Amino acid sequence: MTAAKLDLEKVTLAKGGHSSPKQGMCIMEAVSLIAGEKWSDHPECVSPAIGAFLRSWNDGLEDEPRQRLKPYALKVLGTNTGPADEETRGFLALDWLIRVNTPAWLELAGLKDEAAELRNLPALTSTEIVVGVQATLEKARASARTRAAAAWAAARDAAWDAAWAAARDAAWDAARAAAWDAAWDAARDAAWAAAYNAARSVLRPTEQQLTESAFELLDRMIAIGQKSEAQPVA
């Protein structure tokens, strides 16, 4: 199958990596075909952060919602626009994790004050800001751990994993990576523990809400390099 013959409408995106198009394809492998690059899930024309986001999200989504990624096979072409844009994308992903995703799970668990504190943090656009909000993140983690010591993974959704993959992929110096690790540890524990007494049917609306929000995040990451300035997460 050549790029010219790839009809996205007839493609069914699948989990994981594949040795050839005949074996199936994930979203990033489809991009490599369209771009005319060597068959791979790491096409060079795509931003590394966006690529990390899409590889993770492709595998985390269920079969039906995964097909919503198909239009992005075209949208992400030419997004590898350099280190400065990668840093911006990484901070966008981290900001979404801390100020959008985590508060949603905290609120579901009844930790409304902690959720509000995270939502009211300044936009996380630099390492210095991330380091400066550690106390708030630690407080959220401690509160969640007090309410629940088990059932972590119930609240961890595909969008969470994808955003974290993007944030980490854009971290290229040890100091920044360390700061992000600290933020990740605090927010991860808070979010996972938030599902301590929630049944799957209760979690589903929050998952769906965050999935829609994550599509918006992906669009914002793609827009970096196409406009002069990124907007912080609302």
# chains A, B, ... in the order shown; residues from 1 in each chain; ligands from 1

$ residues_around --residues "range 4-20 of chain A" --least-positions-apart "6" --cutoff "10 Å" --atoms "only C-alpha atoms" --output "short mmCIF file (atom, residue, chain, number, x, y, z; two decimals) with N, CA and C atoms, in the first residue's frame"
data_model
loop_
_atom_site.label_atom_id
_atom_site.label_comp_id
_atom_site.auth_asym_id
_atom_site.auth_seq_id
_atom_site.Cartn_x
_atom_site.Cartn_y
_atom_site.Cartn_z
N CYS A 26 -1.31 1.58 13.41
CA CYS A 26 -1.72 2.57 14.40
C CYS A 26 -1.75 3.94 13.72
N ILE A 27 -2.14 4.96 14.43
CA ILE A 27 -2.26 6.28 13.84
C ILE A 27 -0.91 6.78 13.32
N MET A 28 0.17 6.54 14.05
CA MET A 28 1.46 7.06 13.62
C MET A 28 2.03 6.29 12.44
N GLU A 29 1.72 5.01 12.34
CA GLU A 29 2.13 4.24 11.16
C GLU A 29 1.38 4.74 9.92
N ALA A 30 0.12 5.10 10.10
CA ALA A 30 -0.64 5.68 8.99
C ALA A 30 0.00 6.99 8.54
N LEU A 33 2.98 6.47 6.24
CA LEU A 33 2.58 6.16 4.86
C LEU A 33 2.19 7.43 4.11
N ILE A 34 1.36 8.23 4.75
CA ILE A 34 0.88 9.45 4.09
C ILE A 34 2.04 10.39 3.79
N ALA A 35 3.01 10.43 4.72
CA ALA A 35 4.16 11.32 4.54
C ALA A 35 5.17 10.79 3.55
N GLY A 36 5.02 9.56 3.13
CA GLY A 36 5.97 8.96 2.21
C GLY A 36 7.29 8.59 2.87
N TRP A 39 8.17 3.01 6.69
CA TRP A 39 7.13 2.48 7.59
C TRP A 39 7.63 2.48 9.03
N SER A 40 6.92 3.19 9.90
CA SER A 40 7.38 3.38 11.26
C SER A 40 6.28 4.05 12.06
N ASP A 41 6.34 3.93 13.40
CA ASP A 41 5.42 4.70 14.24
C ASP A 41 6.12 5.95 14.80
N ARG A 55 0.92 7.93 20.01
CA ARG A 55 1.23 6.51 20.20
C ARG A 55 0.57 5.98 21.47
N SER A 56 0.69 6.75 22.54
CA SER A 56 0.10 6.32 23.80
C SER A 56 -1.42 6.29 23.73
N TRP A 57 -2.01 7.36 23.19
CA TRP A 57 -3.47 7.44 23.15
C TRP A 57 -4.06 6.40 22.20
N ASN A 58 -3.39 6.16 21.08
CA ASN A 58 -3.83 5.12 20.15
C ASN A 58 -4.00 3.79 20.88
N ASP A 59 -3.05 3.45 21.72
CA ASP A 59 -3.09 2.15 22.39
C ASP A 59 -4.01 2.16 23.61
N GLY A 60 -4.27 3.34 24.18
CA GLY A 60 -5.10 3.40 25.37
C GLY A 60 -6.58 3.46 25.08
N LEU A 61 -6.96 4.02 23.94
CA LEU A 61 -8.37 4.15 23.60
C LEU A 61 -8.98 2.81 23.21
N GLU A 62 -10.28 2.69 23.42
CA GLU A 62 -11.00 1.52 22.95
C GLU A 62 -11.16 1.61 21.42
N ASP A 63 -11.54 0.50 20.81
CA ASP A 63 -11.53 0.41 19.34
C ASP A 63 -12.33 1.51 18.66
N GLU A 64 -13.56 1.75 19.11
CA GLU A 64 -14.40 2.74 18.43
C GLU A 64 -13.87 4.15 18.56
N PRO A 65 -13.60 4.64 19.78
CA PRO A 65 -13.07 6.01 19.86
C PRO A 65 -11.70 6.17 19.23
N ARG A 66 -10.92 5.09 19.10
CA ARG A 66 -9.62 5.19 18.45
C ARG A 66 -9.74 5.68 17.01
N GLN A 67 -10.83 5.36 16.36
CA GLN A 67 -11.00 5.76 14.96
C GLN A 67 -11.13 7.27 14.81
N ARG A 68 -11.45 7.96 15.90
CA ARG A 68 -11.53 9.42 15.85
C ARG A 68 -10.15 10.05 15.63
N LEU A 69 -9.10 9.27 15.78
CA LEU A 69 -7.75 9.79 15.57
C LEU A 69 -7.40 9.91 14.09
N LYS A 70 -8.15 9.26 13.22
CA LYS A 70 -7.76 9.20 11.81
C LYS A 70 -7.54 10.56 11.16
N PRO A 71 -8.37 11.57 11.40
CA PRO A 71 -8.10 12.87 10.77
C PRO A 71 -6.75 13.46 11.16
N ALA A 73 -3.98 12.02 11.17
CA ALA A 73 -2.91 11.53 10.30
C ALA A 73 -2.48 12.60 9.31
N LEU A 74 -3.39 13.50 8.97
CA LEU A 74 -3.07 14.62 8.09
C LEU A 74 -2.69 15.87 8.89
#

$ closest_atom_pairs --of "range 24-100 of chain A" --to "range 213-220 of chain A" --cutoff "9 Å" --atoms "only C-alpha atoms" --output "tab-separated table"
residue	atom	partner	partner_atom	distance
A:Ile50	CA	A:Leu218	CA	7.5
A:Phe53	CA	A:Leu218	CA	8.1
A:Leu54	CA	A:Leu218	CA	8.7
A:Leu69	CA	A:Phe215	CA	9.0
A:Lys75	CA	A:Asp219	CA	8.7
A:Arg89	CA	A:Arg220	CA	8.3
A:Leu92	CA	A:Leu217	CA	7.6
A:Ala93	CA	A:Leu217	CA	7.2
A:Trp96	CA	A:Leu217	CA	7.5
A:Val100	CA	A:Ser213	CA	8.3

$ write_last_selection --atoms "N, CA and C atoms" --output "PDB file, in the first residue's frame"
ATOM      1  N   ILE A  50       4.036  15.314  20.096  1.00  0.00           N
ATOM      2  CA  ILE A  50       2.754  14.902  19.528  1.00  0.00           C
ATOM      3  C   ILE A  50       2.781  13.419  19.184  1.00  0.00           C
ATOM      4  N   PHE A  53       2.303  11.487  22.318  1.00  0.00           N
ATOM      5  CA  PHE A  53       0.896  11.586  22.713  1.00  0.00           C
ATOM      6  C   PHE A  53       0.050  10.600  21.913  1.00  0.00           C
ATOM      7  N   LEU A  54       0.203  10.615  20.588  1.00  0.00           N
ATOM      8  CA  LEU A  54      -0.650   9.796  19.739  1.00  0.00           C
ATOM      9  C   LEU A  54      -0.343   8.310  19.858  1.00  0.00           C
ATOM     10  N   LEU A  69      -9.101   9.270  15.783  1.00  0.00           N
ATOM     11  CA  LEU A  69      -7.755   9.793  15.573  1.00  0.00           C
ATOM     12  C   LEU A  69      -7.401   9.907  14.091  1.00  0.00           C
ATOM     13  N   LYS A  75      -3.360  16.069  10.004  1.00  0.00           N
ATOM     14  CA  LYS A  75      -3.143  17.295  10.775  1.00  0.00           C
ATOM     15  C   LYS A  75      -1.732  17.398  11.353  1.00  0.00           C
ATOM     16  N   ARG A  89       4.983  22.550  23.768  1.00  0.00           N
ATOM     17  CA  ARG A  89       4.014  21.448  23.731  1.00  0.00           C
ATOM     18  C   ARG A  89       4.083  20.611  25.002  1.00  0.00           C
ATOM     19  N   LEU A  92       2.329  22.415  27.736  1.00  0.00           N
ATOM     20  CA  LEU A  92       0.884  22.359  27.525  1.00  0.00           C
ATOM     21  C   LEU A  92       0.324  21.040  28.048  1.00  0.00           C
ATOM     22  N   ALA A  93       1.004  19.931  27.730  1.00  0.00           N
ATOM     23  CA  ALA A  93       0.542  18.623  28.176  1.00  0.00           C
ATOM     24  C   ALA A  93       0.583  18.508  29.698  1.00  0.00           C
ATOM     25  N   TRP A  96      -2.166  20.545  31.328  1.00  0.00           N
ATOM     26  CA  TRP A  96      -3.463  19.871  31.220  1.00  0.00           C
ATOM     27  C   TRP A  96      -3.585  18.758  32.257  1.00  0.00           C
ATOM     28  N   VAL A 100      -6.372  20.248  34.641  1.00  0.00           N
ATOM     29  CA  VAL A 100      -7.629  19.797  34.052  1.00  0.00           C
ATOM     30  C   VAL A 100      -7.944  18.360  34.438  1.00  0.00           C
TER      31      VAL A 100
END

$ atom_distance --atom1 "CA of Asp161 in chain A" --atom2 "CA of Lys38 in chain A"
26.6 Å

$ closest_residue --among "A:Thr206, A:Ser126, A:Gln23, A:Thr88" --to "Glu107 in chain A" --atoms "only C-alpha atoms"
A:Thr206

$ atom_distance --atom1 "CA of Ala115 in chain A" --atom2 "CA of Gln134 in chain A"
14.7 Å

$ closest_residue --among "A:Gly132, A:Ala144, A:Leu97, A:Thr81" --to "Ala109 in chain A" --atoms "only C-alpha atoms"
A:Ala144

$ atom_distance --atom1 "CA of Pro83 in chain A" --atom2 "CA of Asp169 in chain A"
11.2 Å
